[in-house]
Amino acid sequence: MPEPVIVLDELTKEFPADPPVRALSAVSLRVEKSDYVAVVGPSGSGKSTLLNTLGLLDRPTSGGYRLDGIETVSLKDGARTTIRGSRIGFVFQSFHLLPHRSVLENVMLAEVYGPAPRAGRRERATRALERVRLSHRLDFPPGSLSGGERQRAAIARALMGDPSLLLCDEPTGNLDSRNTEAVLDLFDDLRAQGMTIVVITHETDVSDRAGRRVRITDGVLTEE
């Protein structure tokens, strides 16, 4: 059996205050390869803290987090940064594309600070854009694209380096219904190709498309 991509074991996150604010409370979660999981919950429920913890941006106060079998909690910052860069692709509500760069150049920028060799970078970015069905827009500036196309370009950037996990924060929050459907269709395709996807969302039509839905309320995670 292959290692699960994510294993959270009694994970707790507290922020210093008087008394301390508990944002995550003994959260346990197992996500296998090619799972497609939606995390839902109201504002202030702990979704953002969970996202930051899964993305190795925040350290938990206690508990364990294994990513691809690697226990991440005890790792030093440099090792966590390396794992984050090589194993996690991030997709955000705001596309974070540089307006003065072409779509292809924006995707290539994903490798600028990583260990991937410069040779072949353009070809790898082109393949990532083909994967999201955007090869006809390589030389276009982001401002000339629709919202859905810009999000697909951002997803292509996240796919550079072939990460184990695609971590998406309200990925359709800035899209109309037609472009939302196009992005959700793309997620279905990526999952069919073996990608593991975790989507943080408050939109029912997004969470309904996922294979699993978990709900977080006051820092407590439950499977639906």
# chains A, B, ... in the order shown; residues from 1 in each chain; ligands from 1
>>> residues_around(residues="Ala125 (chain A)", least_positions_apart="6", cutoff="9 Å", atoms="only C-alpha atoms", output="PyMOL selection string")
chain A and resi 104-108+110+156-157+159-160
>>> residues_around(residues="Leu175 (chain A)", least_positions_apart="6", cutoff="9 Å", atoms="only C-alpha atoms", output="number ranges by chain")
A: 93, 147-148, 151
>>> residues_around(residues="Arg22 (chain A)", least_positions_apart="4", cutoff="7 Å", atoms="only C-alpha atoms", output="JSON, numbers by chain")
{"A": [13, 14, 15]}
>>> write_last_selection(atoms="C-alpha atoms", output="PDB file, in the first residue's frame")
ATOM      1  CA  LYS A  13      -3.000  24.776  16.944  1.00  0.00           C
ATOM      2  CA  GLU A  14      -3.242  27.500  19.582  1.00  0.00           C
ATOM      3  CA  PHE A  15      -2.435  31.176  19.223  1.00  0.00           C
TER       4      PHE A  15
END
>>> residues_around(residues="region 139-146 of chain A", least_positions_apart="4", cutoff="7 Å", atoms="only C-alpha atoms", output="ChimeraX atom specification")
/A:97,99-104,150
>>> select_by_dssp(residues="chain A", states="strand (DSSP E)", output="PyMOL selection string")
chain A and resi 6-15+21-31+36-40+62-67+70-71+88-91+165-169+196-200+212-217+220-223
>>> atom_distance(atom1="CA of Thr81 (chain A)", atom2="CA of Arg121 (chain A)")
21.0 Å
>>> residues_around(residues="region 197-208 of chain A", least_positions_apart="6", cutoff="9 Å", atoms="only C-alpha atoms", output="VMD selection string")
chain A and resid 31 33 to 43 47 to 48 51 164 to 173 180 to 181 184 187 190 to 191
>>> closest_residue(among="A:Ala128, A:Leu57, A:Thr222, A:Arg66", to="Arg80 (chain A)", atoms="only C-alpha atoms")
A:Leu57
>>> select_by_dssp(residues="region 105-139 of chain A", states="helix (DSSP H, G or I)", output="PyMOL selection string")
chain A and resi 105-111+121-131+135-137
>>> write_last_selection(atoms="N, CA and C atoms", output="PDB file, in the first residue's frame")
ATOM      1  N   GLU A 105       5.484  32.797 -19.183  1.00  0.00           N
ATOM      2  CA  GLU A 105       6.504  33.286 -18.259  1.00  0.00           C
ATOM      3  C   GLU A 105       6.023  33.194 -16.814  1.00  0.00           C
ATOM      4  N   ASN A 106       4.739  33.473 -16.566  1.00  0.00           N
ATOM      5  CA  ASN A 106       4.204  33.346 -15.211  1.00  0.00           C
ATOM      6  C   ASN A 106       4.333  31.922 -14.700  1.00  0.00           C
ATOM      7  N   VAL A 107       4.065  30.962 -15.544  1.00  0.00           N
ATOM      8  CA  VAL A 107       4.170  29.559 -15.123  1.00  0.00           C
ATOM      9  C   VAL A 107       5.633  29.176 -14.916  1.00  0.00           C
ATOM     10  N   MET A 108       6.508  29.645 -15.781  1.00  0.00           N
ATOM     11  CA  MET A 108       7.939  29.356 -15.623  1.00  0.00           C
ATOM     12  C   MET A 108       8.487  29.889 -14.308  1.00  0.00           C
ATOM     13  N   LEU A 109       7.937  31.004 -13.819  1.00  0.00           N
ATOM     14  CA  LEU A 109       8.422  31.604 -12.577  1.00  0.00           C
ATOM     15  C   LEU A 109       8.291  30.672 -11.376  1.00  0.00           C
ATOM     16  N   ALA A 110       7.445  29.660 -11.482  1.00  0.00           N
ATOM     17  CA  ALA A 110       7.275  28.714 -10.366  1.00  0.00           C
ATOM     18  C   ALA A 110       8.586  28.019 -10.022  1.00  0.00           C
ATOM     19  N   GLU A 111       9.507  27.913 -10.979  1.00  0.00           N
ATOM     20  CA  GLU A 111      10.747  27.179 -10.742  1.00  0.00           C
ATOM     21  C   GLU A 111      11.944  28.078 -10.434  1.00  0.00           C
ATOM     22  N   ARG A 121      12.992  24.417 -18.781  1.00  0.00           N
ATOM     23  CA  ARG A 121      11.930  25.090 -18.009  1.00  0.00           C
ATOM     24  C   ARG A 121      10.763  25.504 -18.912  1.00  0.00           C
ATOM     25  N   ARG A 122      11.073  26.051 -20.069  1.00  0.00           N
ATOM     26  CA  ARG A 122      10.007  26.470 -20.988  1.00  0.00           C
ATOM     27  C   ARG A 122       9.160  25.273 -21.428  1.00  0.00           C
ATOM     28  N   GLU A 123       9.814  24.151 -21.685  1.00  0.00           N
ATOM     29  CA  GLU A 123       9.078  22.959 -22.114  1.00  0.00           C
ATOM     30  C   GLU A 123       8.196  22.431 -20.986  1.00  0.00           C
ATOM     31  N   ARG A 124       8.711  22.458 -19.763  1.00  0.00           N
ATOM     32  CA  ARG A 124       7.909  21.980 -18.624  1.00  0.00           C
ATOM     33  C   ARG A 124       6.697  22.887 -18.405  1.00  0.00           C
ATOM     34  N   ALA A 125       6.902  24.196 -18.548  1.00  0.00           N
ATOM     35  CA  ALA A 125       5.784  25.127 -18.382  1.00  0.00           C
ATOM     36  C   ALA A 125       4.757  24.936 -19.499  1.00  0.00           C
ATOM     37  N   THR A 126       5.238  24.692 -20.700  1.00  0.00           N
ATOM     38  CA  THR A 126       4.319  24.460 -21.815  1.00  0.00           C
ATOM     39  C   THR A 126       3.484  23.209 -21.569  1.00  0.00           C
ATOM     40  N   ARG A 127       4.118  22.159 -21.061  1.00  0.00           N
ATOM     41  CA  ARG A 127       3.367  20.922 -20.759  1.00  0.00           C
ATOM     42  C   ARG A 127       2.334  21.161 -19.669  1.00  0.00           C
ATOM     43  N   ALA A 128       2.693  21.959 -18.661  1.00  0.00           N
ATOM     44  CA  ALA A 128       1.730  22.251 -17.594  1.00  0.00           C
ATOM     45  C   ALA A 128       0.531  23.015 -18.145  1.00  0.00           C
ATOM     46  N   LEU A 129       0.767  23.946 -19.068  1.00  0.00           N
ATOM     47  CA  LEU A 129      -0.338  24.697 -19.665  1.00  0.00           C
ATOM     48  C   LEU A 129      -1.164  23.814 -20.593  1.00  0.00           C
ATOM     49  N   GLU A 130      -0.540  22.875 -21.259  1.00  0.00           N
ATOM     50  CA  GLU A 130      -1.299  21.901 -22.047  1.00  0.00           C
ATOM     51  C   GLU A 130      -2.192  21.059 -21.139  1.00  0.00           C
ATOM     52  N   ARG A 131      -1.685  20.756 -19.971  1.00  0.00           N
ATOM     53  CA  ARG A 131      -2.434  19.924 -19.025  1.00  0.00           C
ATOM     54  C   ARG A 131      -3.724  20.600 -18.570  1.00  0.00           C
ATOM     55  N   SER A 135      -2.875  25.854 -23.829  1.00  0.00           N
ATOM     56  CA  SER A 135      -1.716  25.981 -24.703  1.00  0.00           C
ATOM     57  C   SER A 135      -1.919  27.030 -25.794  1.00  0.00           C
ATOM     58  N   HIS A 136      -3.157  27.434 -26.047  1.00  0.00           N
ATOM     59  CA  HIS A 136      -3.431  28.449 -27.066  1.00  0.00           C
ATOM     60  C   HIS A 136      -3.268  29.872 -26.525  1.00  0.00           C
ATOM     61  N   ARG A 137      -2.861  30.011 -25.259  1.00  0.00           N
ATOM     62  CA  ARG A 137      -2.721  31.333 -24.649  1.00  0.00           C
ATOM     63  C   ARG A 137      -1.314  31.577 -24.109  1.00  0.00           C
TER      64      ARG A 137
END
>>> closest_residue(among="A:Leu186, A:Val7, A:Val27, A:Val91", to="Arg215 (chain A)", atoms="only C-alpha atoms")
A:Val27
>>> residues_around(residues="Ile6 (chain A)", least_positions_apart="4", cutoff="8 Å", atoms="only C-alpha atoms", output="number ranges by chain")
A: 29-32, 65-69
>>> atom_distance(atom1="CA of Gly44 (chain A)", atom2="CA of Val21 (chain A)")
11.5 Å
